[in-house]
$ cat run38.txt   # compact mmCIF, C-alpha atoms
# COMPACT_ATOMS: atom_id res chain seq x y z
CA GLY A 1 158.62 -5.20 -22.26
CA MET A 2 158.52 -4.39 -25.98
CA LEU A 3 155.02 -5.79 -26.28
CA THR A 4 153.62 -3.59 -23.51
CA PHE A 5 155.69 -0.44 -23.93
CA VAL A 6 152.50 1.66 -23.86
CA PHE A 7 152.33 0.97 -20.11
CA THR A 8 155.80 2.38 -19.43
CA GLY A 9 155.52 4.74 -16.48
CA ILE A 10 152.43 3.19 -14.95
CA GLY A 11 154.49 1.99 -11.96
CA PRO A 12 155.39 5.47 -10.60
CA LEU A 13 151.84 6.63 -11.38
CA ALA A 14 150.41 3.71 -9.41
CA LEU A 15 152.66 4.53 -6.43
CA SER A 16 151.32 8.08 -6.43
CA ILE A 17 147.72 6.87 -6.60
CA PHE A 18 148.27 4.31 -3.83
CA SER A 19 149.87 6.90 -1.56
CA GLU A 20 147.14 9.47 -2.08
CA THR A 21 144.34 6.93 -1.64
CA PHE A 22 145.87 5.47 1.52
CA ALA A 23 146.20 8.93 3.04
CA ARG A 24 142.52 9.67 2.38
CA GLU A 25 140.73 6.34 2.72
CA SER A 26 143.15 4.01 4.52
CA HIS A 27 143.13 0.26 3.80
CA ALA A 28 139.66 0.07 2.20
CA GLY A 29 140.52 2.71 -0.38
CA LEU A 30 143.88 1.11 -1.01
CA ALA A 31 142.21 -2.23 -1.73
CA ARG A 32 139.89 -0.54 -4.23
CA SER A 33 142.76 1.25 -5.99
CA TRP A 34 144.68 -2.03 -6.18
CA ARG A 35 141.71 -3.80 -7.74
CA GLN A 36 141.27 -1.07 -10.35
CA ILE A 37 144.91 -0.69 -11.39
CA VAL A 38 145.89 -4.36 -11.41
CA SER A 39 142.68 -5.34 -13.22
CA PHE A 40 143.20 -2.71 -15.93
CA ASN A 41 146.83 -3.65 -16.37
CA PHE A 42 145.96 -7.32 -16.85
CA PHE A 43 142.94 -6.55 -19.03
CA PHE A 44 145.04 -4.65 -21.58
CA THR A 45 148.24 -6.70 -21.46
CA ALA A 46 147.10 -10.33 -21.03
CA PRO A 47 145.73 -10.60 -24.62
CA VAL A 48 149.09 -9.39 -25.95
CA TYR A 49 151.01 -11.95 -23.92
CA VAL A 50 148.62 -14.77 -24.81
CA PHE A 51 149.02 -13.98 -28.50
CA ALA A 52 152.81 -13.84 -28.11
CA PHE A 53 152.80 -17.13 -26.20
CA LEU A 54 150.89 -18.90 -28.97
CA ASN A 55 152.92 -17.29 -31.78
CA SER A 56 156.34 -16.99 -30.17
CA THR A 57 158.24 -18.79 -32.93
CA GLN A 58 156.64 -16.71 -35.69
CA LEU A 59 157.14 -13.48 -33.75
CA ILE A 60 160.85 -14.07 -33.23
CA ALA A 61 161.33 -15.14 -36.84
CA PHE A 62 159.40 -12.07 -38.05
CA ILE A 63 161.46 -9.61 -35.97
CA TYR A 64 164.91 -11.20 -35.83
CA GLY A 65 164.97 -13.68 -38.70
CA SER A 66 164.22 -17.36 -39.17
CA GLN A 67 167.61 -18.44 -37.78
CA PHE A 68 166.39 -17.35 -34.34
CA ALA A 69 163.04 -19.18 -34.58
CA PRO A 70 164.08 -22.03 -32.21
CA ALA A 71 164.12 -19.47 -29.39
CA GLY A 72 160.32 -19.37 -29.61
CA SER A 73 159.92 -22.19 -27.11
CA VAL A 74 162.12 -20.33 -24.63
CA MET A 75 160.01 -17.19 -25.07
CA SER A 76 156.77 -19.10 -24.50
CA PHE A 77 158.20 -20.70 -21.37
CA TYR A 78 159.19 -17.33 -19.95
CA LEU A 79 155.81 -15.80 -20.81
CA THR A 80 154.16 -18.43 -18.60
CA PHE A 81 155.99 -17.00 -15.60
CA THR A 82 155.27 -13.46 -16.77
CA LEU A 83 151.52 -14.08 -16.92
CA VAL A 84 151.48 -15.53 -13.41
CA ASN A 85 153.50 -12.58 -12.17
CA MET A 86 151.09 -10.14 -13.82
CA ALA A 87 148.06 -11.92 -12.36
CA LEU A 88 149.53 -11.39 -8.89
CA GLY A 89 150.15 -7.72 -9.60
CA GLY A 90 153.91 -8.21 -9.56
CA GLY A 91 154.64 -4.75 -10.93
CA PHE A 92 152.77 -3.02 -8.11
CA LEU A 93 153.37 -5.17 -5.04
CA ALA A 94 156.51 -3.37 -3.89
CA SER A 95 154.76 0.01 -4.24
CA MET A 96 151.85 -1.18 -2.09
CA LEU A 97 154.17 -2.53 0.59
CA TYR A 98 156.08 0.74 0.68
CA VAL A 99 152.84 2.68 1.06
CA ILE A 100 151.79 0.63 4.11
CA GLN A 101 155.33 1.07 5.48
CA ARG A 102 156.51 -2.51 5.04
CA SER A 103 159.67 -1.76 3.09
CA ASP A 104 161.51 -4.28 5.28
CA ILE A 105 159.49 -7.07 3.70
CA VAL A 106 160.35 -5.83 0.19
CA LEU A 107 164.07 -5.86 0.98
CA ARG A 108 163.95 -9.28 2.65
CA ILE A 109 162.01 -10.89 -0.19
CA SER A 110 164.31 -9.30 -2.79
CA ILE A 111 167.31 -10.88 -1.07
CA GLU A 112 165.52 -14.23 -0.87
CA GLY A 113 164.62 -14.06 -4.57
CA SER A 114 168.18 -13.19 -5.58
CA ILE A 115 169.62 -16.09 -3.60
CA LEU A 116 166.99 -18.46 -5.01
CA ASN A 117 167.75 -17.30 -8.55
CA ILE A 118 171.48 -17.94 -8.14
CA LEU A 119 170.95 -21.37 -6.59
CA LEU A 120 168.51 -22.42 -9.32
CA ASP A 121 170.93 -21.16 -11.99
CA LEU A 122 173.69 -23.33 -10.55
CA VAL A 123 171.43 -26.38 -10.48
CA LEU A 124 169.42 -26.00 -13.70
CA ILE A 125 171.70 -24.38 -16.28
CA PRO A 126 174.21 -27.26 -16.48
CA TYR A 127 171.38 -29.66 -17.33
CA PHE A 128 168.87 -27.53 -19.26
CA ASN A 129 171.01 -24.69 -20.67
CA GLU A 130 168.94 -21.63 -21.66
CA MET A 131 165.71 -23.29 -20.51
CA GLY A 132 167.31 -23.75 -17.12
CA ALA A 133 168.22 -20.06 -16.98
CA VAL A 134 164.65 -19.06 -17.87
CA ASP A 135 163.23 -21.51 -15.33
CA ALA A 136 165.51 -20.12 -12.61
CA THR A 137 164.69 -16.48 -13.35
CA GLY A 138 160.97 -17.11 -13.80
CA SER A 139 160.67 -19.24 -10.68
CA ALA A 140 162.47 -16.62 -8.58
CA MET A 141 160.24 -13.89 -10.00
CA VAL A 142 157.04 -15.79 -9.21
CA TYR A 143 158.36 -16.74 -5.76
CA MET A 144 158.96 -13.08 -4.94
CA SER A 145 155.51 -12.09 -6.17
CA VAL A 146 153.78 -14.85 -4.19
CA ARG A 147 155.68 -13.88 -1.03
CA GLN A 148 154.94 -10.17 -1.48
CA TRP A 149 151.29 -10.83 -2.37
CA SER A 150 150.84 -12.96 0.76
CA ALA A 151 152.50 -10.34 2.96
CA LEU A 152 150.36 -7.59 1.47
CA ASN A 153 147.13 -9.59 1.70
CA ALA A 154 147.68 -9.97 5.44
CA THR A 155 147.08 -6.21 5.76
CA VAL A 156 145.14 -5.17 2.66
CA ASP A 157 142.59 -7.40 0.92
CA VAL A 158 144.06 -7.74 -2.57
CA ARG A 159 142.03 -10.80 -3.57
CA GLY A 160 139.33 -8.70 -5.21
CA SER A 161 141.16 -8.49 -8.53
CA LEU A 162 141.55 -12.26 -9.00
CA PRO A 163 138.06 -13.12 -10.37
CA PHE A 164 138.27 -10.39 -13.01
CA ILE A 165 141.83 -11.44 -13.93
CA GLY A 166 140.66 -15.03 -14.35
CA ARG A 167 137.90 -13.91 -16.72
CA CYS A 168 140.33 -11.79 -18.76
CA PHE A 169 142.64 -14.75 -19.20
CA PHE A 170 139.74 -16.97 -20.26
CA PHE A 171 138.49 -14.43 -22.82
CA SER A 172 142.01 -14.10 -24.24
CA LEU A 173 142.18 -17.86 -24.75
CA VAL A 174 138.71 -18.02 -26.32
CA ALA A 175 139.64 -15.25 -28.76
CA ALA A 176 142.64 -17.32 -29.89
CA ALA A 177 140.44 -20.13 -31.24
CA PRO A 178 139.87 -18.66 -34.77
CA PHE A 179 143.54 -18.08 -35.60
CA LEU A 180 144.49 -21.46 -34.13
CA LEU A 181 141.91 -23.00 -36.45
CA LEU A 182 143.35 -21.07 -39.39
CA SER A 183 146.84 -22.29 -38.48
CA ALA A 184 145.60 -25.87 -38.34
CA MET A 185 144.17 -25.41 -41.86
CA GLY A 186 147.53 -24.23 -43.18
CA TRP A 187 146.94 -20.45 -43.02
CA ASN A 188 149.91 -20.01 -40.73
CA HIS A 189 150.81 -16.33 -41.18
CA LEU A 190 151.60 -13.93 -38.35
CA ILE A 191 149.74 -10.89 -39.69
CA LEU A 192 146.67 -12.94 -40.59
CA SER A 193 146.75 -14.55 -37.12
CA PHE A 194 146.98 -11.14 -35.47
CA VAL A 195 144.04 -9.72 -37.44
CA ALA A 196 141.90 -12.81 -36.70
CA TYR A 197 142.83 -12.62 -33.01
CA ALA A 198 142.12 -8.89 -32.71
CA LEU A 199 138.73 -9.18 -34.42
CA SER A 200 137.78 -12.21 -32.35
CA LEU A 201 138.83 -10.48 -29.13
CA VAL A 202 136.74 -7.40 -29.94
CA LEU A 203 133.71 -9.59 -30.69
CA VAL A 204 134.15 -11.62 -27.49
CA LEU A 205 134.51 -8.52 -25.32
CA GLY A 206 131.59 -6.84 -27.07
CA TRP A 207 129.39 -9.85 -26.40
CA VAL A 208 130.43 -10.59 -22.82
CA LYS A 209 131.06 -6.97 -21.71
CA PRO A 210 133.40 -7.95 -18.84
CA LEU A 211 133.99 -4.42 -17.54
CA SER A 212 131.99 -3.50 -14.46
CA GLU A 213 130.29 -0.14 -13.90
CA GLU A 214 133.30 0.85 -11.81
CA HIS A 215 135.66 0.09 -14.69
CA ARG A 216 133.50 1.95 -17.20
CA THR A 217 133.39 4.99 -14.96
CA ILE A 218 137.18 5.08 -14.85
CA LEU A 219 137.41 4.70 -18.63
CA ALA A 220 134.85 7.44 -19.16
CA GLY A 221 137.01 9.73 -17.05
CA ILE A 222 139.91 9.07 -19.42
CA GLN A 223 137.90 9.19 -22.64
CA PRO A 224 134.07 9.58 -22.55
CA ARG A 225 133.48 7.29 -25.54
CA LEU A 226 135.39 4.45 -23.87
CA GLY A 227 132.84 4.30 -21.07
CA ASP A 228 130.08 3.06 -23.40

$ encode --input "run38.txt" --output "C-alpha cells"
Amino acid sequence: GMLTFVFTGIGPLALSIFSETFARESHAGLARSWRQIVSFNFFFTAPVYVFAFLNSTQLIAFIYGSQFAPAGSVMSFYLTFTLVNMALGGGFLASMLYVIQRSDIVLRISIEGSILNILLDLVLIPYFNEMGAVDATGSAMVYMSVRQWSALNATVDVRGSLPFIGRCFFFSLVAAAPFLLLSAMGWNHLILSFVAYALSLVLVLGWVKPLSEEHRTILAGIQPRLGD
C-alpha cells in the first residue's frame, strides 16, 4: 500500500466509471473500461512491486533498520500473491460485480475466502509461523480474486487485459537485469539499484512502446505530452 499510495482513491473512481459506462454502452463498454483501468493500474504498479520483490531485504533494512532485514523473504513471498491479485484486477472485481448486479456473488465469495483464510491459518501457522500466515492470507486473497474473475467473465469478457498485463510483467523483469548485474558485481546499494532500474525501465518502454493507440489517447486526455 505504501509503495502505490499514488493510486489511493482509484477504486471509487473506477466504480463510478464502470457504472456510467454500463448505463450507456452495456456489457461491451464495460469490458472496454475494465481493460483500460486494469491495464493502466498494472502498468504503473507492477514495476514498483517487481523492484520491491527483488530488493525486499534492502528496502526493509533501509526503512526500518537492519535488525528487521530477515523479514525481506516474507515480504517477497507476499508480493507474489499481490502481483497475481493485481493481474486479475483484484481491486476492481467487486465493483464490476456490483455494477452488473451480482452483489450476492461478492458476499458469498467473501465468506468463502474468510473461512479459507482461517482454516489455512490453523493448519499452516503452527508449522511455518509467519510464512504460514502470509501463505494463508495470500492464498485466500488469490482464491477470492480467481472466483470473482471467473464469475465476472461469465457475463463480461474481462480477458482482454491479460495479454497487455503479461507484457508489462515481462518488461518489468527485463528492466531489472542491469541492477541485478550490478548487485552480482558487488554494487549492492538500494539507491543505485533504483536509479539503474528506473533508467532501464524508461529505455525498455521507449524502445518497445507497449501502449496502444487507445492507451495513448487516454493519457493525452490526462496530460497532452503523455500521449506522445

$ atom_distance --input "run38.txt" --atom1 "CA of Gly72 in chain A" --atom2 "CA of Val134 in chain A"
12.5 Å

$ residues_around --input "run38.txt" --residues "Thr137 in chain A" --least-positions-apart "4" --cutoff "8 Å" --atoms "only C-alpha atoms" --output "ChimeraX atom specification"
/A:117,121,133,141

$ residues_around --input "run38.txt" --residues "Tyr78 in chain A" --least-positions-apart "2" --cutoff "8 Å" --atoms "all atoms listed in the file" --output "VMD selection string"
chain A and resid 74 to 76 80 to 82 134 to 135 138

$ closest_residue --input "run38.txt" --among "A:Ala176, A:Ile37, A:Ala198, A:Ala151" --to "Val50 in chain A" --atoms "only C-alpha atoms"
A:Ala176

$ residues_near_point --input "run38.txt" --point "(149.7, 6.1, -3.8)" --cutoff "12 Å" --atoms "all atoms listed in the file" --output "ChimeraX atom specification"
/A:10-27,29-34,37,92-101

$ atom_distance --input "run38.txt" --atom1 "CA of Phe42 in chain A" --atom2 "CA of Arg147 in chain A"
19.7 Å

$ atom_distance --input "run38.txt" --atom1 "CA of Ile165 in chain A" --atom2 "CA of Val38 in chain A"
8.5 Å

$ closest_residue --input "run38.txt" --among "A:Val142, A:Ala177, A:Leu190, A:Ala184" --to "Thr57 in chain A" --atoms "only C-alpha atoms"
A:Leu190

$ closest_residue --input "run38.txt" --among "A:Tyr143, A:Phe170, A:Ile60, A:Trp187" --to "Ile115 in chain A" --atoms "only C-alpha atoms"
A:Tyr143

$ closest_residue --input "run38.txt" --among "A:Ser200, A:Ser161, A:Ser66, A:Ser114" --to "Pro178 in chain A" --atoms "all atoms listed in the file"
A:Ser200

$ closest_residue --input "run38.txt" --among "A:Gly65, A:Gly160, A:Gly206, A:Gly89" --to "Ala175 in chain A" --atoms "only C-alpha atoms"
A:Gly206

$ closest_residue --input "run38.txt" --among "A:Leu120, A:Leu107, A:Ala196, A:Ile191" --to "Leu59 in chain A" --atoms "all atoms listed in the file"
A:Ile191

$ axis_aligned_box --input "run38.txt" --around "range 70-80 of chain A" --padding-each-side "8 Å" --output "lines of an AutoDock Vina configuration file"
center_x = 159.1
center_y = -19.0
center_z = -25.4
size_x = 26.0
size_y = 22.4
size_z = 29.6

$ decode --input "run38.txt" --residues "range 103-194 of chain A" --atoms "C-alpha atoms" --output "CSV table (one decimal), in the first residue's frame"
chain,number,residue,atom,x,y,z
A,103,SER,CA,-23.6,-8.5,-5.2
A,104,ASP,CA,-24.7,-11.9,-4.0
A,105,ILE,CA,-21.6,-13.5,-5.6
A,106,VAL,CA,-19.3,-10.9,-3.9
A,107,LEU,CA,-20.8,-11.7,-0.5
A,108,ARG,CA,-20.6,-15.4,-1.0
A,109,ILE,CA,-17.0,-15.4,-2.2
A,110,SER,CA,-16.0,-13.1,0.7
A,111,ILE,CA,-17.4,-15.6,3.2
A,112,GLU,CA,-15.7,-18.4,1.4
A,113,GLY,CA,-12.4,-16.5,1.5
A,114,SER,CA,-12.7,-15.7,5.2
A,115,ILE,CA,-13.3,-19.3,6.1
A,116,LEU,CA,-10.5,-20.5,3.9
A,117,ASN,CA,-8.1,-17.9,5.5
A,118,ILE,CA,-9.0,-19.1,9.0
A,119,LEU,CA,-8.6,-22.8,8.1
A,120,LEU,CA,-5.3,-22.2,6.4
A,121,ASP,CA,-4.1,-20.2,9.4
A,122,LEU,CA,-4.9,-23.1,11.7
A,123,VAL,CA,-3.1,-25.5,9.5
A,124,LEU,CA,0.0,-23.5,8.4
A,125,ILE,CA,0.9,-21.2,11.2
A,126,PRO,CA,1.9,-23.9,13.7
A,127,TYR,CA,4.4,-25.3,11.2
A,128,PHE,CA,5.6,-22.3,9.2
A,129,ASN,CA,5.0,-19.4,11.6
A,130,GLU,CA,4.9,-16.0,9.9
A,131,MET,CA,5.4,-17.6,6.4
A,132,GLY,CA,2.3,-19.7,7.2
A,133,ALA,CA,0.3,-16.6,8.0
A,134,VAL,CA,1.4,-14.9,4.8
A,135,ASP,CA,0.6,-18.1,2.8
A,136,ALA,CA,-2.8,-18.3,4.3
A,137,THR,CA,-3.7,-14.7,3.7
A,138,GLY,CA,-2.2,-14.6,0.2
A,139,SER,CA,-3.9,-17.9,-0.9
A,140,ALA,CA,-7.3,-16.7,0.4
A,141,MET,CA,-6.8,-13.4,-1.5
A,142,VAL,CA,-5.9,-15.1,-4.7
A,143,TYR,CA,-8.7,-17.6,-4.3
A,144,MET,CA,-11.3,-14.8,-3.9
A,145,SER,CA,-9.9,-13.0,-7.0
A,146,VAL,CA,-10.0,-16.1,-9.1
A,147,ARG,CA,-13.5,-16.9,-8.1
A,148,GLN,CA,-14.7,-13.3,-8.7
A,149,TRP,CA,-12.8,-13.1,-12.0
A,150,SER,CA,-14.4,-16.4,-13.2
A,151,ALA,CA,-17.9,-15.2,-12.2
A,152,LEU,CA,-17.4,-11.9,-13.9
A,153,ASN,CA,-16.0,-13.4,-17.0
A,154,ALA,CA,-19.2,-15.5,-17.4
A,155,THR,CA,-21.0,-12.2,-18.1
A,156,VAL,CA,-18.4,-9.7,-19.2
A,157,ASP,CA,-15.4,-10.6,-21.3
A,158,VAL,CA,-12.5,-9.5,-19.0
A,159,ARG,CA,-9.8,-11.5,-20.7
A,160,GLY,CA,-8.8,-8.6,-22.9
A,161,SER,CA,-6.4,-7.1,-20.3
A,162,LEU,CA,-4.4,-10.3,-19.8
A,163,PRO,CA,-2.0,-10.0,-22.9
A,164,PHE,CA,-1.1,-6.4,-22.0
A,165,ILE,CA,-0.6,-7.4,-18.3
A,166,GLY,CA,1.7,-10.2,-19.4
A,167,ARG,CA,3.8,-7.8,-21.4
A,168,CYS,CA,4.1,-5.3,-18.6
A,169,PHE,CA,5.3,-8.0,-16.2
A,170,PHE,CA,7.9,-9.2,-18.8
A,171,PHE,CA,9.2,-5.6,-19.4
A,172,SER,CA,9.5,-5.1,-15.6
A,173,LEU,CA,11.6,-8.2,-15.3
A,174,VAL,CA,13.8,-7.2,-18.3
A,175,ALA,CA,14.4,-3.8,-16.8
A,176,ALA,CA,15.7,-5.5,-13.6
A,177,ALA,CA,18.6,-7.1,-15.4
A,178,PRO,CA,21.1,-4.1,-15.1
A,179,PHE,CA,20.7,-3.7,-11.3
A,180,LEU,CA,20.8,-7.4,-10.8
A,181,LEU,CA,24.1,-7.5,-12.7
A,182,LEU,CA,25.4,-4.6,-10.6
A,183,SER,CA,24.4,-6.5,-7.4
A,184,ALA,CA,26.3,-9.6,-8.6
A,185,MET,CA,29.4,-7.4,-9.2
A,186,GLY,CA,29.2,-6.2,-5.6
A,187,TRP,CA,27.5,-2.8,-6.2
A,188,ASN,CA,24.6,-3.8,-3.9
A,189,HIS,CA,23.1,-0.4,-2.9
A,190,LEU,CA,19.4,0.3,-2.8
A,191,ILE,CA,19.5,3.8,-4.3
A,192,LEU,CA,21.9,2.8,-7.1
A,193,SER,CA,19.7,-0.2,-7.8
A,194,PHE,CA,16.6,2.0,-8.0
